[in-house]
Amino acid sequence: MGGTAAYVRFQGTERSPRGHFPGIFALAGGLAREGRLTEEQHRFWRAANDWYDAAYSDPSRIDPAVYDAGVNPGAVAWFKGTATHLLDRIPGYLALLAAHGVACERVESADPGRVVYEDEHQVVVVPHSAGERPTDFSNCRAEYGT
């Protein structure tokens with residue numbers, strides 16, 4: 001699933017109440033919190049989240065203000081295109097979301113916004129226009145939906 005894009009994000013197609021497009025981890029977590037997952041789906045979600053928690057850093061544990069709307073309005077995380085070991089596990093989340101009618105899209109960009117956090121696997125950016133999709137659509141495509 002990895003590609004040549006500098007940055008890759010999987011997100012919902014509808015804005016959240018905060019005005020941004022939530023990522024697939026937030027969308028799947030919402031389904032779990034609402035009790036909408038089957039027992040099998042819940043096992044997958046829990047195991048997959050545990051794997052991701054062990055595989056890369058949670059930016060908010062390193063910088064508690066990274067997602068603070070007052071400090072970094074609209075901040076969202078993007079995988080680096082080189083993080084193929086992380087991207088390769090995304091299809092399970094996409095299948096989970098599709099089973100519940102949650103539309104998603106894969107967005108790729110060379111410049112998704114102002115970087116406020118970075119590590120070897122990801123960046124967190126404030127979009128150039130907070131709450132908007134990336135301004136560089138030269139390599140964007142919607143691939144997943146219901």
# chains A, B, ... in the order shown; residues from 1 in each chain; ligands from 1
$ residues_around --residues "Asp119 of chain A" --least-positions-apart "6" --cutoff "10 Å" --atoms "only C-alpha atoms" --output "JSON, numbers by chain"
{"A": [56, 57, 59, 79, 80]}
$ residues_around --residues "Gln41 of chain A" --least-positions-apart "5" --cutoff "9 Å" --atoms "only C-alpha atoms" --output "list in words"
Ala32, Arg46 and Leu96 of chain A
$ write_last_selection --atoms "C-alpha atoms" --output "short mmCIF file (atom, residue, chain, number, x, y, z; two decimals), in the first residue's frame"
data_model
loop_
_atom_site.label_atom_id
_atom_site.label_comp_id
_atom_site.auth_asym_id
_atom_site.auth_seq_id
_atom_site.Cartn_x
_atom_site.Cartn_y
_atom_site.Cartn_z
CA ALA A 32 -15.85 1.30 19.23
CA ARG A 46 -8.07 -3.47 19.81
CA LEU A 96 -13.92 -2.08 9.29
#
$ closest_residue --among "A:Gln122, A:Ala103, A:Arg36, A:His128" --to "Arg15 of chain A" --atoms "only C-alpha atoms"
A:Ala103
$ atom_distance --atom1 "atom CA of Leu31 of chain A" --atom2 "atom CA of Ser109 of chain A"
27.5 Å
$ atom_distance --atom1 "atom CA of Arg43 of chain A" --atom2 "atom CA of Ala99 of chain A"
15.0 Å
$ select_by_dssp --residues "segment 1-145 of chain A" --states "strand (DSSP E)" --output "number ranges by chain"
A: 7-12, 76-80, 104-109, 114-118, 122-126
$ write_last_selection --atoms "C-alpha atoms" --output "short mmCIF file (atom, residue, chain, number, x, y, z; two decimals), in the first residue's frame"
data_model
loop_
_atom_site.label_atom_id
_atom_site.label_comp_id
_atom_site.auth_asym_id
_atom_site.auth_seq_id
_atom_site.Cartn_x
_atom_site.Cartn_y
_atom_site.Cartn_z
CA TYR A 7 2.77 12.28 2.93
CA VAL A 8 -0.31 10.07 3.09
CA ARG A 9 -3.48 10.45 5.14
CA PHE A 10 -6.58 8.30 5.39
CA GLN A 11 -9.57 10.33 6.52
CA GLY A 12 -13.32 10.57 6.54
CA VAL A 76 -3.91 16.48 11.82
CA ALA A 77 -1.41 13.65 11.42
CA TRP A 78 -0.06 12.34 8.12
CA PHE A 79 2.06 9.25 7.56
CA LYS A 80 5.29 9.74 5.72
CA CYS A 104 -12.95 7.24 3.71
CA GLU A 105 -10.42 8.59 1.30
CA ARG A 106 -6.69 8.34 0.82
CA VAL A 107 -5.13 11.77 0.39
CA GLU A 108 -1.54 12.27 -0.70
CA SER A 109 0.38 15.51 -0.66
CA ARG A 114 2.81 23.75 8.46
CA VAL A 115 4.62 20.98 10.33
CA VAL A 116 4.19 21.24 14.11
CA TYR A 117 5.52 17.74 14.94
CA GLU A 118 7.70 15.29 13.05
CA GLN A 122 4.75 10.88 10.54
CA VAL A 123 4.12 14.58 10.68
CA VAL A 124 1.39 16.57 12.36
CA VAL A 125 0.50 19.66 10.38
CA VAL A 126 -1.73 22.65 10.61
#
$ atom_distance --atom1 "atom CA of Gly92 of chain A" --atom2 "atom CA of Glu39 of chain A"
15.1 Å
$ closest_residue --among "A:Pro127, A:Gly35, A:Gly81, A:Gly101" --to "Thr13 of chain A" --atoms "only C-alpha atoms"
A:Gly101
